[in-house]
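S.K.: Sharing a structure here in structure tokens format.
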Amino acid sequence: MIPFNIIVAVDEEFGIGKEGGLPWHLPGDMKFFKEITTKTEDAQKKNVVIMGRKTWESIPARFRPLPGRINCVLSRNKDFPLPDDVLRAESLEAALKALGGEARESIDKVFIIGGAQIFLLALRMLECQKIYMTQIALDFQCDSFFPSDLTGFEKISESPKAQEGKIVYMFCEYERVDALE
Ligand SMILES: NC(=O)c1ccc[n+]([C@@H]2O[C@H](COP(=O)([O-])OP(=O)(O)OC[C@H]3O[C@@H](n4cnc5c(N)ncnc54)[C@H](OP(=O)(O)O)[C@@H]3O)[C@@H](O)[C@H]2O)c1
């Protein structure tokens with residue numbers, strides 16, 4: 001299976017979403033997300049973004065698939081309609097195995113971009129090397145959450161605080177500890 005990173009934005013209660021969408025509007029975080037998930041070391045290669053079916057549906061139709069990246073959607077429903085240029089997989093393992101096969105040469109990095117169901121699975125896997133976590137210092141009364149137990153990971157960086165309107169946030173990076181040994 002191909003190794004991957006997680007990218008997520010959490011509020012102070014580890015909330016990530018509400019009523020099927022994001023409860024905040026943070027252009028600075030959207031720019032960060034786009035940069036991190038699009039930028040490649042090798043200009044010939046592309047990054048992959050893997051997401052659950054509900055997260056796919058939460059992206060406005062005009063903005064999906066996310067441009068400049070290979071989009072992969074997880075659904076147990078083989079008939080869920082997706083554009084031809086979007087990969088589908090019936091499990092996270094199947095997606096990571098497929099990407100780790102012949103396709104690997106054309107792939108730079110793989111990012112799991114949500115939502116809650118997929119983060120829960122991904123965080124438990126040893127292939128999860130790094131977490132890019134935007135930490136927002138407010139409680140948005142979310143109804144979907146990122147696991148708050150980050151055992152196995154250590155924080156390796158923390159940006160200066162940013163502020164948009166009343167919202168203060170910072171970009172943190174966590175790395176798998178056992179991957180460092
Ligand atoms: N703050 C952030 O960084 C962030 C990022 C992404 C999303 N979000 C938020 O998170 C919320 C959505 O999260 P969610 O947990 O409800 O949904 P989700 O994880 O995006 O998608 C769940 C769907 O994925 C499919 N799925 C789940 N596990 C699977 C597996 N093992 N194998 C194959 N398919 C699987 C199923 O689709 P089928 O039902 O079609 O089988 C399931 O209904 C939204 O509010 C969204 O805005 C926040």
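Labeling convention for the structure tokens: chains A, B, ... as they appear, residues from 1 per chain, ligands from 1 in order of appearance.
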Compile a residue-level contact table for chain A against ligand 1 at a cut-off of 6 Å, reporting for every qualifying residue the shortest atom pair and its distance in Å to one decimal, with only C-alpha atoms and all ligand atoms counted, rows ordered by chain and ascending number, as a tab-separated table.
M.R.:
```
residue	atom	partner	partner_atom_place_in_ligand_line	distance
A:Val8	CA	ligand 1	3 (O)	3.5
A:Ala9	CA	ligand 1	3 (O)	3.9
A:Val10	CA	ligand 1	1 (N)	5.5
A:Ile16	CA	ligand 1	1 (N)	3.7
A:Gly17	CA	ligand 1	45 (O)	3.5
A:Lys18	CA	ligand 1	45 (O)	4.7
A:Glu19	CA	ligand 1	45 (O)	5.7
A:Gly20	CA	ligand 1	45 (O)	3.6
A:Gly21	CA	ligand 1	47 (O)	3.3
A:Leu22	CA	ligand 1	47 (O)	4.3
A:Met51	CA	ligand 1	20 (O)	6.0
A:Gly52	CA	ligand 1	21 (O)	3.5
A:Arg53	CA	ligand 1	24 (O)	4.3
A:Lys54	CA	ligand 1	21 (O)	4.0
A:Thr55	CA	ligand 1	20 (O)	3.7
A:Ser58	CA	ligand 1	47 (O)	5.9
A:Leu74	CA	ligand 1	34 (N)	4.2
A:Ser75	CA	ligand 1	34 (N)	3.6
A:Arg76	CA	ligand 1	41 (O)	3.6
A:Asn77	CA	ligand 1	41 (O)	4.9
A:Glu90	CA	ligand 1	33 (C)	4.3
A:Ser91	CA	ligand 1	32 (N)	3.4
A:Leu92	CA	ligand 1	32 (N)	5.6
A:Ile113	CA	ligand 1	6 (C)	5.4
A:Gly114	CA	ligand 1	6 (C)	3.7
A:Gly115	CA	ligand 1	13 (O)	3.5
A:Ala116	CA	ligand 1	15 (O)	3.5
A:Gln117	CA	ligand 1	19 (O)	3.8
A:Ile118	CA	ligand 1	19 (O)	4.5
A:Ser144	CA	ligand 1	11 (C)	5.8
```
S.K.: Report as a tab-separated table: every residue of range 11-52 of chain A with an atom at most 12 Å from range 2-6 of chain A, its closest pair of atoms, and their distance in Å to one decimal, counting only C-alpha atoms, with rows sorted by chain and ascending residue number.
M.R.:
```
residue	atom	partner	partner_atom	distance
A:Phe33	CA	A:Ile6	CA	10.9
A:Ile36	CA	A:Asn5	CA	10.5
A:Thr37	CA	A:Asn5	CA	9.7
A:Asn47	CA	A:Phe4	CA	10.2
A:Val48	CA	A:Phe4	CA	9.3
A:Val49	CA	A:Ile6	CA	9.6
A:Ile50	CA	A:Ile6	CA	9.5
A:Met51	CA	A:Ile6	CA	10.5
```
S.K.: Using DSSP secondary structure from the backbone, list all helix (DSSP H, G or I) positions within range 5-167 of chain A, as a ChimeraX atom specification.
M.R.: /A:27-38,53-58,61-63,92-100,102-106,116-123
S.K.: Give me, please, the distance in Å between CA of Glu105 in chain A and CA of Leu123 in chain A, quoted to one decimal.
M.R.: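 The value is 24.6 Å.
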S.K.: Which one is closest to Gly28 in chain A: A:Lys130, A:Lys161, A:Arg88, A:Arg124? Count only C-alpha atoms.
M.R.: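 Of all the options, A:Lys161 lies closest to Gly28 in chain A.
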S.K.: Need to verify the contact set: range 164-174 of chain A, 12 Å, only C-alpha atoms, exclusion of same-chain residues closer than 3 positions in sequence. Can you return it as a ChimeraX atom specification?
M.R.: /A:5-12,23-30,32-33,36,123,128-140,150-161,177,179-180
S.K.: As number ranges by chain, please: every residue in range 3-75 of chain A that DSSP puts in strand (DSSP E or B).
M.R.: A: 4-10, 15-18, 21, 46-52, 70-74
S.K.: Set the distance at 10 Å and use only C-alpha atoms: which residues neighbour Leu87 in chain A once local chain neighbours fewer than 2 positions away are removed? I'd like the list as a list in words.
M.R.: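 What passes the distance filter is Val48, Val49, Ile50, Ile70, Asn71, Cys72, Val73, Leu74, Leu82, Pro83, Asp84, Asp85, Ala89 and Ala95 of chain A.
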S.K.: To one decimal in Å, tell me the separation between CA of Met1 in chain A and CA of Gly101 in chain A.
M.R.: 8.1 Å
S.K.: Find, counting only C-alpha atoms, the residue in A:Ala122, A:Phe63, A:Phe14, A:Gly68 that gets nearest to Asp149 in chain A.
M.R.: A:Phe14
S.K.: Write out, as JSON lines, each residue of range 55-149 of chain A that has an atom at most 12 Å from range 39-46 of chain A, together with the closest pair of atoms and their distance in Å to one decimal, counting only C-alpha atoms, rows going by chain and rising number.
M.R.:
```
{"residue": "A:Pro67", "atom": "CA", "partner": "A:Lys46", "partner_atom": "CA", "distance": 10.6}
{"residue": "A:Gly68", "atom": "CA", "partner": "A:Lys46", "partner_atom": "CA", "distance": 7.2}
{"residue": "A:Arg69", "atom": "CA", "partner": "A:Lys46", "partner_atom": "CA", "distance": 5.9}
{"residue": "A:Ile70", "atom": "CA", "partner": "A:Lys46", "partner_atom": "CA", "distance": 6.8}
{"residue": "A:Asn71", "atom": "CA", "partner": "A:Lys46", "partner_atom": "CA", "distance": 10.3}
{"residue": "A:Leu99", "atom": "CA", "partner": "A:Lys46", "partner_atom": "CA", "distance": 11.8}
{"residue": "A:Ala103", "atom": "CA", "partner": "A:Lys45", "partner_atom": "CA", "distance": 10.4}
{"residue": "A:Arg104", "atom": "CA", "partner": "A:Lys45", "partner_atom": "CA", "distance": 9.5}
{"residue": "A:Glu105", "atom": "CA", "partner": "A:Lys45", "partner_atom": "CA", "distance": 7.9}
{"residue": "A:Ser106", "atom": "CA", "partner": "A:Lys45", "partner_atom": "CA", "distance": 5.0}
{"residue": "A:Ile107", "atom": "CA", "partner": "A:Lys46", "partner_atom": "CA", "distance": 5.2}
{"residue": "A:Asp108", "atom": "CA", "partner": "A:Lys45", "partner_atom": "CA", "distance": 5.5}
{"residue": "A:Lys109", "atom": "CA", "partner": "A:Lys46", "partner_atom": "CA", "distance": 7.4}
{"residue": "A:Val110", "atom": "CA", "partner": "A:Lys46", "partner_atom": "CA", "distance": 9.1}
{"residue": "A:Phe111", "atom": "CA", "partner": "A:Lys46", "partner_atom": "CA", "distance": 11.3}
```
S.K.: Write the residues you've just listed into a file as a tab-separated table (two decimals), in the first residue's frame, and include N, CA, C and O atoms for each of them.
M.R.:
```
chain	number	residue	atom	x	y	z
A	67	PRO	N	-9.05	20.48	-9.03
A	67	PRO	CA	-8.14	20.54	-10.19
A	67	PRO	C	-6.68	20.31	-9.82
A	67	PRO	O	-6.25	20.59	-8.70
A	68	GLY	N	-5.94	19.77	-10.79
A	68	GLY	CA	-4.50	19.59	-10.63
A	68	GLY	C	-4.12	18.43	-9.74
A	68	GLY	O	-2.95	18.22	-9.45
A	69	ARG	N	-5.13	17.69	-9.27
A	69	ARG	CA	-4.88	16.53	-8.42
A	69	ARG	C	-5.71	15.36	-8.93
A	69	ARG	O	-6.79	15.58	-9.51
A	70	ILE	N	-5.24	14.14	-8.67
A	70	ILE	CA	-6.04	12.96	-9.00
A	70	ILE	C	-7.03	12.77	-7.86
A	70	ILE	O	-6.62	12.65	-6.71
A	71	ASN	N	-8.31	12.81	-8.19
A	71	ASN	CA	-9.35	12.66	-7.15
A	71	ASN	C	-9.79	11.21	-7.06
A	71	ASN	O	-10.03	10.56	-8.09
A	99	LEU	N	-3.25	2.42	-5.90
A	99	LEU	CA	-2.33	3.55	-6.13
A	99	LEU	C	-0.87	3.12	-5.96
A	99	LEU	O	0.04	3.71	-6.54
A	103	ALA	N	0.31	2.50	-10.95
A	103	ALA	CA	0.08	3.96	-10.97
A	103	ALA	C	1.14	4.73	-10.18
A	103	ALA	O	1.34	5.92	-10.40
A	104	ARG	N	1.84	4.01	-9.29
A	104	ARG	CA	2.71	4.69	-8.32
A	104	ARG	C	3.73	5.62	-8.97
A	104	ARG	O	4.05	6.69	-8.45
A	105	GLU	N	4.25	5.20	-10.14
A	105	GLU	CA	5.30	6.00	-10.79
A	105	GLU	C	4.84	7.39	-11.19
A	105	GLU	O	5.65	8.30	-11.33
A	106	SER	N	3.52	7.53	-11.39
A	106	SER	CA	3.03	8.84	-11.83
A	106	SER	C	2.49	9.66	-10.65
A	106	SER	O	1.99	10.76	-10.84
A	107	ILE	N	2.62	9.09	-9.43
A	107	ILE	CA	2.06	9.77	-8.25
A	107	ILE	C	3.17	10.33	-7.38
A	107	ILE	O	4.16	9.64	-7.10
A	108	ASP	N	3.00	11.56	-6.95
A	108	ASP	CA	3.96	12.15	-6.02
A	108	ASP	C	3.55	11.82	-4.58
A	108	ASP	O	4.14	10.97	-3.94
A	109	LYS	N	2.47	12.44	-4.09
A	109	LYS	CA	2.03	12.17	-2.71
A	109	LYS	C	0.53	11.86	-2.69
A	109	LYS	O	-0.19	12.23	-3.61
A	110	VAL	N	0.11	11.21	-1.62
A	110	VAL	CA	-1.31	10.87	-1.45
A	110	VAL	C	-1.80	11.56	-0.18
A	110	VAL	O	-1.16	11.47	0.87
A	111	PHE	N	-2.94	12.24	-0.29
A	111	PHE	CA	-3.55	12.92	0.86
A	111	PHE	C	-4.95	12.37	1.11
A	111	PHE	O	-5.75	12.27	0.18
```
